[in-house]
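Source file: coords.cif; contents: mmCIF, C-alpha atoms (C1' of nucleotides).
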```
data_protein
#
loop_
_atom_site.label_atom_id
_atom_site.label_comp_id
_atom_site.auth_asym_id
_atom_site.auth_seq_id
_atom_site.Cartn_x
_atom_site.Cartn_y
_atom_site.Cartn_z
CA MET A 98 140.57 77.26 25.41
CA ALA A 99 143.19 75.61 27.58
CA ILE A 100 146.10 77.06 25.62
CA ARG A 101 144.95 80.55 26.34
CA ALA A 102 144.64 79.78 30.04
CA PHE A 103 148.08 78.23 30.22
CA GLY A 104 149.49 81.20 28.37
CA ALA A 105 147.78 83.58 30.76
CA LEU A 106 149.42 81.89 33.73
CA ALA A 107 152.81 81.66 32.04
CA GLN A 108 153.88 85.13 33.05
CA ASP A 109 155.17 86.31 36.36
CA SER A 110 152.96 89.32 36.98
CA ARG A 111 149.86 87.51 35.83
CA LEU A 112 150.54 84.44 37.92
CA GLU A 113 151.08 86.69 40.94
CA ALA A 114 147.89 88.60 40.24
CA PHE A 115 146.03 85.33 39.86
CA ARG A 116 147.33 84.03 43.16
CA LEU A 117 146.48 87.28 44.85
CA LEU A 118 142.93 87.04 43.54
CA VAL A 119 142.65 83.44 44.65
CA ARG A 120 143.50 84.55 48.17
CA ALA A 121 141.13 87.47 47.94
CA GLY A 122 138.28 85.07 47.21
CA GLU A 123 134.72 86.00 46.35
CA GLU A 124 135.12 89.66 47.22
CA GLY A 125 137.88 90.22 44.72
CA LEU A 126 140.16 93.24 44.57
CA PRO A 127 140.12 96.56 42.72
CA ALA A 128 142.66 96.80 39.90
CA GLY A 129 144.53 99.60 41.58
CA GLU A 130 145.09 97.60 44.72
CA ILE A 131 146.54 94.72 42.72
CA ALA A 132 148.81 97.11 40.87
CA ARG A 133 150.06 98.55 44.13
CA ALA A 134 150.56 95.14 45.71
CA LEU A 135 152.63 93.95 42.77
CA PHE A 136 154.44 97.23 42.09
CA ILE A 137 153.25 97.31 38.50
CA PRO A 138 152.13 100.46 36.63
CA HIS A 139 148.37 100.49 36.33
CA ASN A 140 148.30 100.36 32.56
CA THR A 141 150.64 97.40 32.37
CA LEU A 142 148.55 95.56 34.91
CA SER A 143 145.41 96.49 33.08
CA SER A 144 146.52 94.59 30.02
CA HIS A 145 147.58 91.62 32.11
CA LEU A 146 144.19 91.53 33.80
CA SER A 147 142.41 91.61 30.49
CA ILE A 148 144.48 88.66 29.35
CA LEU A 149 143.49 86.72 32.47
CA ALA A 150 139.88 87.70 31.84
CA GLN A 151 139.95 86.59 28.20
CA ALA A 152 141.38 83.30 29.36
CA GLY A 153 138.36 82.84 31.59
CA LEU A 154 140.37 82.88 34.78
CA VAL A 155 139.03 86.10 36.25
CA THR A 156 135.94 88.25 35.91
CA SER A 157 135.45 91.94 36.52
CA ARG A 158 132.67 94.22 37.62
CA ARG A 159 132.54 97.91 38.19
CA ASP A 160 132.02 99.29 41.67
CA GLY A 161 131.95 103.05 41.64
CA ARG A 162 135.18 104.33 40.25
CA SER A 163 136.93 101.03 40.77
CA ILE A 164 136.81 97.85 38.78
CA ILE A 165 136.84 94.79 40.95
CA TYR A 166 138.55 91.69 39.66
CA ARG A 167 137.62 88.32 41.00
CA ILE A 168 138.73 84.77 40.35
CA ASP A 169 136.48 82.92 37.93
CA PHE A 170 136.24 79.68 39.84
CA GLU A 171 134.26 78.06 37.10
CA GLY A 172 136.96 78.76 34.54
CA THR A 173 139.74 77.81 36.90
CA ARG A 174 138.03 74.56 37.67
CA THR A 175 137.65 73.94 33.94
CA LEU A 176 141.37 74.31 33.46
CA LEU A 177 142.07 71.94 36.33
CA ALA A 178 139.60 69.44 34.97
CA PHE A 179 141.27 69.59 31.59
CA LEU A 180 144.65 68.89 33.13
CA ILE A 181 143.33 66.14 35.33
CA GLU A 182 141.43 64.45 32.55
CA ASP A 183 144.42 64.69 30.27
CA CYS A 184 146.74 63.51 32.95
CA CYS A 185 144.62 60.59 34.06
CA GLN A 186 143.38 59.51 30.69
CA GLY A 187 142.88 55.81 31.03
CA ARG A 188 145.12 55.40 34.04
CA PRO A 189 143.44 56.21 37.36
CA ASP A 190 146.29 54.60 39.22
CA ILE A 191 148.64 57.38 38.24
CA CYS A 192 146.48 60.33 39.09
CA ALA A 193 145.15 58.83 42.30
CA PRO A 194 148.17 59.72 44.44
CA LEU A 195 147.67 63.37 43.62
CA LEU A 196 144.04 63.38 44.55
CA ALA A 197 144.78 61.36 47.63
CA CYS A 198 147.28 63.98 48.60
CA VAL A 199 144.77 66.76 48.30
CA GLN A 200 141.52 65.18 49.37
CA PRO A 201 142.10 64.12 52.98
CA VAL A 202 142.87 67.63 54.12
CA GLY A 203 139.84 68.89 52.30
CA CYS A 204 141.62 70.91 49.67
CA GLY A 205 143.52 73.07 52.11
CA PRO A 206 147.25 73.82 52.27
CA ALA A 207 147.27 70.06 52.56
CA ASN A 208 149.60 67.51 53.84
CA THR A 209 152.74 69.64 53.88
CA SER A 210 154.99 66.78 54.86
CA ASP A 211 155.81 65.43 51.43
CA LYS A 212 155.84 68.71 49.59
CA GLY A 213 158.84 70.20 47.93
CA VAL A 214 156.18 71.10 45.54
CA ALA A 215 154.99 74.69 45.35
CA SER A 216 157.42 77.50 44.80
CA MET B 193 158.98 76.41 38.17
CA ALA B 194 155.27 76.64 37.47
CA ILE B 195 155.64 79.49 34.98
CA ARG B 196 157.86 77.41 32.78
CA ALA B 197 155.41 74.53 32.87
CA PHE B 198 152.46 76.74 31.99
CA GLY B 199 154.48 78.26 29.19
CA ALA B 200 155.39 74.84 27.89
CA LEU B 201 151.74 73.87 27.67
CA ALA B 202 150.70 77.18 26.15
CA GLN B 203 151.48 76.15 22.62
CA ASP B 204 149.48 74.00 20.29
CA SER B 205 152.10 71.52 19.13
CA ARG B 206 153.51 71.11 22.61
CA LEU B 207 150.12 70.58 24.21
CA GLU B 208 149.33 67.96 21.56
CA ALA B 209 152.66 66.25 22.11
CA PHE B 210 152.05 66.27 25.83
CA ARG B 211 148.61 64.72 25.45
CA LEU B 212 150.00 62.12 23.10
CA LEU B 213 152.65 61.20 25.66
CA VAL B 214 150.06 61.03 28.42
CA ARG B 215 148.18 58.49 26.38
CA ALA B 216 151.34 56.62 25.56
CA GLY B 217 151.98 56.14 29.27
CA GLU B 218 155.04 54.60 30.85
CA GLU B 219 156.44 53.25 27.60
CA GLY B 220 156.68 56.65 25.99
CA LEU B 221 157.21 57.33 22.31
CA PRO B 222 160.23 57.97 20.09
CA ALA B 223 160.57 61.57 18.92
CA GLY B 224 160.13 60.62 15.31
CA GLU B 225 156.83 58.94 15.93
CA ILE B 226 155.51 62.02 17.69
CA ALA B 227 156.67 64.18 14.81
CA ARG B 228 154.88 61.97 12.31
CA ALA B 229 151.71 61.84 14.40
CA LEU B 230 151.55 65.61 14.64
CA PHE B 231 152.79 66.38 11.12
CA ILE B 232 155.60 68.53 12.45
CA PRO B 233 159.13 68.63 11.01
CA HIS B 234 161.46 66.73 13.28
CA ASN B 235 163.69 69.65 14.14
CA THR B 236 160.76 71.85 15.09
CA LEU B 237 159.39 69.10 17.30
CA SER B 238 162.78 68.52 18.80
CA SER B 239 162.87 72.03 20.19
CA HIS B 240 159.32 71.70 21.49
CA LEU B 241 160.22 68.49 23.26
CA SER B 242 163.21 70.06 24.89
CA ILE B 243 161.01 72.85 26.17
CA LEU B 244 158.63 70.30 27.68
CA ALA B 245 161.61 68.52 29.19
CA GLN B 246 163.05 71.67 30.70
CA ALA B 247 159.67 72.38 32.20
CA GLY B 248 159.80 69.03 33.94
CA LEU B 249 156.80 67.65 32.09
CA VAL B 250 158.57 64.95 30.10
CA THR B 251 161.78 62.96 30.33
CA SER B 252 163.86 61.31 27.64
CA ARG B 253 166.11 58.32 27.33
CA ARG B 254 168.00 56.91 24.43
CA ASP B 255 167.08 53.54 23.01
CA GLY B 256 169.32 52.60 20.13
CA ARG B 257 169.03 55.27 17.48
CA SER B 258 165.79 56.61 18.90
CA ILE B 259 165.18 58.88 21.80
CA ILE B 260 162.12 57.93 23.75
CA TYR B 261 160.10 60.65 25.38
CA ARG B 262 157.89 59.88 28.32
CA ILE B 263 155.59 61.89 30.54
CA ASP B 264 157.20 62.92 33.78
CA PHE B 265 154.33 62.08 36.07
CA GLU B 266 156.11 63.48 39.05
CA GLY B 267 156.50 66.87 37.40
CA THR B 268 152.99 66.83 36.01
CA ARG B 269 151.60 66.02 39.40
CA THR B 270 153.64 68.87 40.86
CA LEU B 271 152.05 71.28 38.43
CA LEU B 272 148.59 70.02 39.27
CA ALA B 273 149.32 70.25 42.97
CA PHE B 274 150.48 73.82 42.51
CA LEU B 275 147.26 74.73 40.76
CA ILE B 276 145.10 72.93 43.24
CA GLU B 277 146.80 74.42 46.23
CA ASP B 278 146.61 77.87 44.73
CA CYS B 279 143.04 77.38 43.74
CA CYS B 280 141.86 75.99 47.02
CA GLN B 281 143.90 78.11 49.31
CA GLY B 282 141.82 78.43 52.43
CA ARG B 283 138.56 77.51 50.76
CA PRO B 284 137.93 73.78 50.49
CA ASP B 285 134.30 74.40 49.64
CA ILE B 286 135.27 75.83 46.28
CA CYS B 287 137.67 73.17 45.10
CA ALA B 288 135.65 70.27 46.41
CA PRO B 289 133.20 70.17 43.48
CA LEU B 290 136.08 69.65 41.09
CA LEU B 291 137.55 66.79 43.00
CA ALA B 292 134.11 65.32 43.48
CA CYS B 293 133.65 65.46 39.73
CA VAL B 294 136.84 63.59 39.08
CA GLN B 295 137.08 61.15 41.96
CA PRO B 296 133.97 58.97 41.65
CA VAL B 297 134.85 57.81 38.18
CA GLY B 298 138.36 57.14 39.32
CA CYS B 299 140.01 59.86 37.34
CA GLY B 300 138.66 58.81 33.98
CA PRO B 301 136.83 60.83 31.34
CA ALA B 302 134.52 61.36 34.28
CA ASN B 303 130.96 62.17 34.76
CA THR B 304 130.23 63.73 31.40
CA SER B 305 126.68 64.69 32.32
CA ASP B 306 127.33 68.07 33.90
CA LYS B 307 130.16 69.11 31.67
CA GLY B 308 129.87 71.85 29.13
CA VAL B 309 133.13 72.53 30.70
CA ALA B 310 136.21 71.83 28.68
CA SER B 311 136.71 73.73 25.47
"C1'" DC C 9 130.09 121.45 34.34
"C1'" DC C 10 134.81 120.91 36.31
"C1'" DA C 11 138.34 118.61 38.81
"C1'" DA C 12 139.99 114.46 40.89
"C1'" DT C 13 140.25 109.54 40.93
"C1'" DA C 14 140.36 104.93 38.85
"C1'" DT C 15 140.95 102.30 34.71
"C1'" DG C 16 141.31 101.34 29.94
"C1'" DT C 17 143.22 101.95 25.12
"C1'" DC C 18 146.76 103.24 21.76
"C1'" DG C 19 151.24 103.14 19.85
"C1'" DA C 20 156.08 102.40 19.77
"C1'" DT C 21 160.06 99.96 21.26
"C1'" DA C 22 162.31 96.06 23.20
"C1'" DA C 23 162.36 91.33 24.06
"C1'" DG C 24 161.02 86.82 23.35
"C1'" DT C 25 159.03 82.76 20.64
"C1'" DC C 26 158.10 79.86 16.47
"C1'" DT C 27 159.59 77.73 12.48
"C1'" DC C 28 162.52 75.50 9.46
"C1'" DG C 29 166.75 74.86 6.36
"C1'" DA C 30 171.38 73.58 7.00
"C1'" DT C 31 174.60 71.32 9.62
"C1'" DA C 32 176.24 68.40 13.53
"C1'" DT C 33 176.16 64.31 16.58
"C1'" DA C 34 175.16 59.54 17.90
"C1'" DT C 35 173.96 54.70 16.85
"C1'" DG C 36 173.68 50.37 14.21
"C1'" DG C 37 174.78 47.54 10.48
"C1'" DA C 38 177.51 46.08 6.28
"C1'" DT D 120 185.31 52.57 8.18
"C1'" DC D 121 181.34 54.19 5.45
"C1'" DC D 122 176.48 54.82 4.99
"C1'" DA D 123 171.79 55.23 6.60
"C1'" DT D 124 168.83 56.40 10.32
"C1'" DA D 125 167.29 59.19 14.27
"C1'" DT D 126 167.77 63.42 16.76
"C1'" DA D 127 169.78 67.67 18.20
"C1'" DT D 128 171.74 72.33 17.55
"C1'" DC D 129 172.49 76.62 15.07
"C1'" DG D 130 170.93 80.67 12.89
"C1'" DA D 131 167.85 83.77 10.51
"C1'" DG D 132 163.33 85.63 9.36
"C1'" DA D 133 158.59 86.15 10.75
"C1'" DC D 134 155.59 86.72 14.27
"C1'" DT D 135 154.04 87.56 19.08
"C1'" DT D 136 154.34 89.44 23.70
"C1'" DA D 137 155.71 92.80 27.40
"C1'" DT D 138 156.23 97.32 28.91
"C1'" DC D 139 155.17 101.97 29.55
"C1'" DG D 140 154.23 106.99 28.22
"C1'" DA D 141 150.49 109.60 26.55
"C1'" DC D 142 145.82 110.08 25.95
"C1'" DA D 143 140.87 108.60 26.52
"C1'" DT D 144 136.85 107.12 29.21
"C1'" DA D 145 133.92 106.59 33.30
"C1'" DT D 146 132.45 107.88 38.03
"C1'" DT D 147 131.92 110.82 42.06
"C1'" DG D 148 131.60 115.07 44.51
"C1'" DG D 149 131.45 120.08 44.63
#
```

Would you write the structure of this file as structure tokens?
Amino acid sequence: MAIRAFGALAQDSRLEAFRLLVRAGEEGLPAGEIARALFIPHNTLSSHLSILAQAGLVTSRRDGRSIIYRIDFEGTRTLLAFLIEDCCQGRPDICAPLLACVQPVGCGPANTSDKGVAS
Amino acid sequence: MAIRAFGALAQDSRLEAFRLLVRAGEEGLPAGEIARALFIPHNTLSSHLSILAQAGLVTSRRDGRSIIYRIDFEGTRTLLAFLIEDCCQGRPDICAPLLACVQPVGCGPANTSDKGVAS
DNA sequence: CCAATATGTCGATAAGTCTCGATATATGGA
DNA sequence: TCCATATATCGAGACTTATCGACATATTGG
């Protein structure tokens, strides 16, 4: 559900963990490494990660003693699609500028000229 | 800030109000009408709307006795851009399918064939 | 099997959010 | 000015979330 996903991202540590995992890509990262990177006690992070997982934004698999967390691109894409469909509902003209801004560069750090955007 | 926006959308009544305002478009809707549509007491809705406003997702203007709320497309687009840039960071291949899914139809309810997606 | 490592679960406290009645403010009309 | 309408703000109770210590579970190597 979208609400759960929004709620999962509406918290500093979780948003940071999510971004870290996005950058980590397909390989993912072990929980401990994320905890160290974000200076969060392992048990606190553990509950944050399970919230992200329940929201369908990350997945986990065990690898030896570690548990590797990885972005769930499918779920993330679902959330984006929900936002985009909601946002564009019936009015392509409005959403177009956004897509135009992202598309040309091929989804990368994009056209940084007109961005005061991310922070 | 993105966290505030995610938090604003992470609540049932607020997400519904937001979607309603998206559909209402440029004209917007008076607070009272939203309250009636969602069966929410006006004071409860009022605080929800101010949370959406603080998150930069809606704006308000007075019109006679009513206060008209309207989607802040700029802010909404900013949120989307944040998600897309985070999601695609360095890997266009991954985000492309999403955009492909939305673009062809021109941002509408899209290509419903391959979606078991939103829920 | 035991110890070490890596995570997860439980439980309590602190902090924050949701909801709604009561009250306050702003506008328009008589 | 007085009343009705439309919203906003305040404040309290109920509920939810965040954090972290203590303990539990799973894996590897000796």

Query raised in the report: Quick one: residues within 10 Å of segment 121-136 of chain D, only C-alpha atoms (C1' of nucleotides) counted, chain neighbours fewer than 5 positions away excluded, as a list of chain:residue names?
Result: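 Using only C-alpha atoms (C1' of nucleotides), the neighbours found are B:Pro222, B:Ala223, B:Gly224, B:His234, B:Asn235, B:Ser238, B:Ser239, B:Ser242, B:Gly256, B:Arg257, B:Ser258, B:Ile259, C:DA23, C:DG24, C:DT25, C:DC26, C:DT27, C:DC28, C:DG29, C:DA30, C:DT31, C:DA32, C:DT33, C:DA34, C:DT35, C:DG36, C:DG37, C:DA38.
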
So that I can see what lies close to DA20 of chain C, please list as a PDB file with C-alpha atoms (C1' of nucleotides), in the coordinates of the input the residues with an atom at most 12 Å from it, counting all atoms listed in the file and leaving out residues fewer than 6 positions away in the same chain.
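Contents of the output file selection.pdb:
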```pdb
ATOM      1  C1'  DT D 138     156.230  97.320  28.910  1.00  0.00           C
ATOM      2  C1'  DC D 139     155.170 101.970  29.550  1.00  0.00           C
ATOM      3  C1'  DG D 140     154.230 106.990  28.220  1.00  0.00           C
ATOM      4  C1'  DA D 141     150.490 109.600  26.550  1.00  0.00           C
TER       5       DA D 141
END
```

If you take only C-alpha atoms (C1' of nucleotides) and a cut-off of 8 Å, which residues of chain C touch chain A, and what are their nearest atom pairs and distances in Å to one decimal, in chain and number order, as CSV?
```
residue,atom,partner,partner_atom,distance
C:DT13,C1',A:Arg162,CA,7.3
C:DA14,C1',A:Arg162,CA,5.4
C:DT15,C1',A:Ile164,CA,7.3
C:DG16,C1',A:Ser143,CA,7.1
```

Query raised in the report: Taking (139.5, 112.3, 34.8) in the file's coordinates as the center, which residues reach within 9 Å of it, counting all atoms listed in the file, put as a PyMOL selection string?
Result: (chain C and resi 11-14) or (chain D and resi 144-146)

Write out, as an mmCIF file, keeping the file's coordinate frame, the residues just selected, with C-alpha atoms (C1' of nucleotides).
```cif
data_model
loop_
_atom_site.group_PDB
_atom_site.id
_atom_site.type_symbol
_atom_site.label_atom_id
_atom_site.label_comp_id
_atom_site.auth_asym_id
_atom_site.auth_seq_id
_atom_site.Cartn_x
_atom_site.Cartn_y
_atom_site.Cartn_z
ATOM 1 C "C1'" DA C 11 138.340 118.610 38.810
ATOM 2 C "C1'" DA C 12 139.990 114.460 40.890
ATOM 3 C "C1'" DT C 13 140.250 109.540 40.930
ATOM 4 C "C1'" DA C 14 140.360 104.930 38.850
ATOM 5 C "C1'" DT D 144 136.850 107.120 29.210
ATOM 6 C "C1'" DA D 145 133.920 106.590 33.300
ATOM 7 C "C1'" DT D 146 132.450 107.880 38.030
#
```

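The interatomic distance for the pair atom CA of Gln186 of chain A and atom CA of Glu219 of chain B works out to 14.8 Å.
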
**Report entry** Chain and number of each residue from the PyMOL selection byres ((chain B and resi 194-202) around 6), as a list in words
**Finding:**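 Taken over the shown coordinates, the PyMOL selection byres ((chain B and resi 194-202) around 6) returns Ile100, Phe103, Gly104 and Ala107 of chain A; Met193, Gln203, Leu207, Leu244 and Ala247 of chain B.
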
**Report entry** Distance query Leu221 of chain B at most 7 Å, only C-alpha atoms (C1' of nucleotides), self and fewer than 3 positions along chain excluded, as a VMD selection string
**Finding:** chain B and resid 213 216 225 to 226 260 to 262

Report task. Give me, please, the distance in Å between atom CA of Cys280 of chain B and atom CA of Leu142 of chain A, quoted to one decimal. Result ->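 We find that atom CA of Cys280 of chain B and atom CA of Leu142 of chain A lie 24.0 Å from each other.
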
Query - Interatomic distance, atom CA of Ser110 of chain A to atom CA of Asp278 of chain B (Å, one decimal) - result: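 Separating atom CA of Ser110 of chain A from atom CA of Asp278 of chain B is a distance of 15.2 Å.
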
Query raised in the report: If you apply the PyMOL selection byres ((chain A and resi 176) around 9) to this file, what residues do you get, as number ranges by chain?
Result: A: 98-99, 102-103, 154, 171-175, 177-181; B: 309-310
